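Enquirer: The structure that follows is given in the form of structure tokens.
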Amino acid sequence: MEIIKKIKDMQHVIKIEKQKGKKVGFVPTMGFLHEGHQTLLKEARDNNDIVVLSIFVNPLQFGPNEDFDAYPRDCIRDEGIAKNLGVDYLFYPSVDEMYKGERTTLIKVEKRVDVLCGKHRPGHFDGVATVVMKLFQIVSPDRAYFGMKDAQQVAVIDGLINDYHLPIELVRVDTVREEDGLAKSSRNVYLSEKEREKAPYLYKALILGKEKVLEGQKDFLKVKKDLEEYITLHTGAHVEYLEIYAYPTLQELQAPMEDQNIIIALAVKFSKARLIDNIVFSYNKGE
């Protein structure tokens, strides 16, 4: 595995690999790699000649009340994981390298960000789109891998690729879960023992919601109310939001339509942990 810190060096090695006809799989991250990231890397390794992992804590996606400096970093551990998973190139740029001088252009996300978590984090996805566009230009991947744990981010990247006609295949990778269905997250460690026992009911609620929709329940307001009550009853936690939208447009649906992809997404606040989860399925196929 080769570690690269300069943009021009990364572009140079990718140019050489592509001249050889190699297909490039790319996994962009902010580091502190967990099992979800590792699943993305394994998918990339299985389906590409070259795998590039980027680690860059992007200051543009941190809000005024979010501590950029406090974001967890462990470069030695991350390098070991990347090497063990067969990463060919680890792109590890500094903030000064990625944001040289004054910016003369701005990427602003207009759609898919005024709901779910984006509703409470103005400007966050502008920062995500900006850094992802920069990384795409640097790495020039054939395929880019993103986890569906953050389905709103995936929707934004889908829009970015389509809007700018980028020759990149967006590969959506399913959320990695514990045996009891709880989505794996670094935040899970903040759950108390009793909260951890109840937390799987979040995914059970999503499954229940999917079943209700596929069984023909067209009153989405009632479905949402039923699911919120189900979560409150079984967990005692506060439901920050539970929404049903078309996917990936994240537009409201009054009722499901034929061949419509649907997302049911939630955020639930326990005493010391805020957990998010979602399920995406086809109205016709239930996939």
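Residues in the structure tokens are numbered from 1 in each chain, the chains being A, B, ... in the order shown, and ligands are numbered from 1 in the order shown.
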With DSSP run on the backbone, what are the alpha helix (DSSP H) residues within segment 6-244 of chain A? I'd like them as a PyMOL selection string.
Expert: chain A and resi 7-19+35-47+75-84+95-98+124-139+151-163+193-198+201-214+220-235
Enquirer: Find the residues near segment 35-39 of chain A: any atom within 12 Å, counting only C-alpha atoms, skip ones fewer than 5 places away on the same chain, and give them as a count of residues only.
Expert: 37
Enquirer: Which of these residues is nearest to Met133 of chain A, using only C-alpha atoms: A:Ile168, A:Leu160, A:Ala246, A:Leu106?
Expert: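 Selected residue with least distance to Met133 of chain A: A:Leu160.
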Enquirer: Find the residues near Pro59 of chain A: any atom within 10 Å, counting only C-alpha atoms, skip ones fewer than 5 places away on the same chain, and give them as a PyMOL selection string.
Expert: chain A and resi 66-69+95+99+124+127-128+131
Enquirer: Keeping N, CA and C atoms, export the residues of the selection given above as a PDB file, in the first residue's frame.
Expert:
ATOM      1  N   GLU A  66     -20.273  22.446  15.927  1.00  0.00           N
ATOM      2  CA  GLU A  66     -19.678  21.119  15.779  1.00  0.00           C
ATOM      3  C   GLU A  66     -18.165  21.267  15.794  1.00  0.00           C
ATOM      4  N   ASP A  67     -17.504  20.524  16.665  1.00  0.00           N
ATOM      5  CA  ASP A  67     -16.075  20.715  16.916  1.00  0.00           C
ATOM      6  C   ASP A  67     -15.227  19.920  15.936  1.00  0.00           C
ATOM      7  N   PHE A  68     -14.703  20.602  14.938  1.00  0.00           N
ATOM      8  CA  PHE A  68     -13.832  19.979  13.936  1.00  0.00           C
ATOM      9  C   PHE A  68     -12.596  19.373  14.595  1.00  0.00           C
ATOM     10  N   ASP A  69     -12.011  20.090  15.529  1.00  0.00           N
ATOM     11  CA  ASP A  69     -10.768  19.621  16.162  1.00  0.00           C
ATOM     12  C   ASP A  69     -10.990  18.388  17.030  1.00  0.00           C
ATOM     13  N   VAL A  95      -5.509  19.744   5.229  1.00  0.00           N
ATOM     14  CA  VAL A  95      -6.499  20.770   4.906  1.00  0.00           C
ATOM     15  C   VAL A  95      -5.899  21.803   3.965  1.00  0.00           C
ATOM     16  N   TYR A  99      -7.515  22.707   0.349  1.00  0.00           N
ATOM     17  CA  TYR A  99      -8.127  24.027   0.195  1.00  0.00           C
ATOM     18  C   TYR A  99      -7.049  25.106   0.125  1.00  0.00           C
ATOM     19  N   HIS A 124     -24.270  21.841   5.750  1.00  0.00           N
ATOM     20  CA  HIS A 124     -23.476  20.615   5.911  1.00  0.00           C
ATOM     21  C   HIS A 124     -23.263  19.909   4.579  1.00  0.00           C
ATOM     22  N   GLY A 127     -20.823  21.365   2.099  1.00  0.00           N
ATOM     23  CA  GLY A 127     -19.447  20.962   2.381  1.00  0.00           C
ATOM     24  C   GLY A 127     -19.152  19.551   1.912  1.00  0.00           C
ATOM     25  N   VAL A 128     -20.127  18.652   2.081  1.00  0.00           N
ATOM     26  CA  VAL A 128     -19.963  17.273   1.612  1.00  0.00           C
ATOM     27  C   VAL A 128     -19.815  17.244   0.096  1.00  0.00           C
ATOM     28  N   VAL A 131     -16.331  18.684  -1.107  1.00  0.00           N
ATOM     29  CA  VAL A 131     -15.158  17.836  -0.933  1.00  0.00           C
ATOM     30  C   VAL A 131     -15.239  16.583  -1.800  1.00  0.00           C
TER      31      VAL A 131
END
Enquirer: For each of A:Pro93, A:Pro167, A:Gly118, A:Gly236, take the minimum atom-to-atom distance to Ile7 of chain A, counting only C-alpha atoms, then give the residue where this is smallest.
Expert: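 Looking at the shortest contact to Ile7 of chain A, the residue is A:Pro93.
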Enquirer: Set the distance at 9 Å and use only C-alpha atoms: which residues neighbour Gly159 of chain A once local chain neighbours fewer than 2 positions away are removed? I'd like the list as a count of residues only.
Expert: 13
Enquirer: Which of these residues is nearest to Lys22 of chain A, using only C-alpha atoms: A:Ala199, A:Asp277, A:Pro141, A:Leu90?
Expert: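 Ranked by minimum distance to Lys22 of chain A, first place goes to A:Pro141.
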Enquirer: Select, from A:Lys134, A:Lys210, A:Leu33, A:Phe270, the residue with the minimum atom-to-atom distance to Thr232 of chain A, counting only C-alpha atoms.
Expert: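 Using only C-alpha atoms, Thr232 of chain A sits closest to A:Phe270.
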Enquirer: Name the residues of segment 167-198 of chain A that come out as strand (DSSP E) in a backbone DSSP run; write them as an mmCIF file with N, CA and C atoms, in the first residue's frame.
Expert:
data_model
loop_
_atom_site.group_PDB
_atom_site.id
_atom_site.type_symbol
_atom_site.label_atom_id
_atom_site.label_comp_id
_atom_site.auth_asym_id
_atom_site.auth_seq_id
_atom_site.Cartn_x
_atom_site.Cartn_y
_atom_site.Cartn_z
ATOM 1 N N GLU A 169 -19.763 5.346 -11.392
ATOM 2 C CA GLU A 169 -20.855 4.514 -10.906
ATOM 3 C C GLU A 169 -20.942 4.640 -9.391
ATOM 4 N N LEU A 170 -22.086 5.083 -8.898
ATOM 5 C CA LEU A 170 -22.305 5.171 -7.459
ATOM 6 C C LEU A 170 -22.762 3.812 -6.956
ATOM 7 N N VAL A 171 -21.979 3.208 -6.072
ATOM 8 C CA VAL A 171 -22.304 1.894 -5.523
ATOM 9 C C VAL A 171 -22.808 2.081 -4.094
ATOM 10 N N ARG A 172 -24.081 1.763 -3.908
ATOM 11 C CA ARG A 172 -24.707 1.878 -2.589
ATOM 12 C C ARG A 172 -24.530 0.560 -1.839
ATOM 13 N N VAL A 173 -23.953 0.626 -0.659
ATOM 14 C CA VAL A 173 -23.684 -0.575 0.133
ATOM 15 C C VAL A 173 -24.599 -0.582 1.349
#
Enquirer: Can you tell me which residues surround segment 9-14 of chain A at a distance of at most 6 Å, considering only C-alpha atoms, apart from same-chain residues fewer than 3 positions away, and format the answer as a short mmCIF file (atom, residue, chain, number, x, y, z; two decimals) with N, CA and C atoms, in the first residue's frame?
Expert:
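Result went into result-v1.cif, see below:
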data_model
loop_
_atom_site.label_atom_id
_atom_site.label_comp_id
_atom_site.auth_asym_id
_atom_site.auth_seq_id
_atom_site.Cartn_x
_atom_site.Cartn_y
_atom_site.Cartn_z
N LYS A 6 -0.08 14.32 -1.54
CA LYS A 6 -0.16 15.45 -2.46
C LYS A 6 -1.14 15.16 -3.60
N GLU A 17 -2.23 4.18 -13.77
CA GLU A 17 -3.05 2.97 -13.61
C GLU A 17 -4.12 2.90 -14.70
N ILE A 138 -9.76 14.38 -8.27
CA ILE A 138 -8.38 13.96 -7.95
C ILE A 138 -8.17 12.47 -8.24
#
Enquirer: Please compute the atom CA of Lys8 of chain A-atom CA of Lys108 of chain A distance, one decimal, in Å.
Expert: 25.9 Å
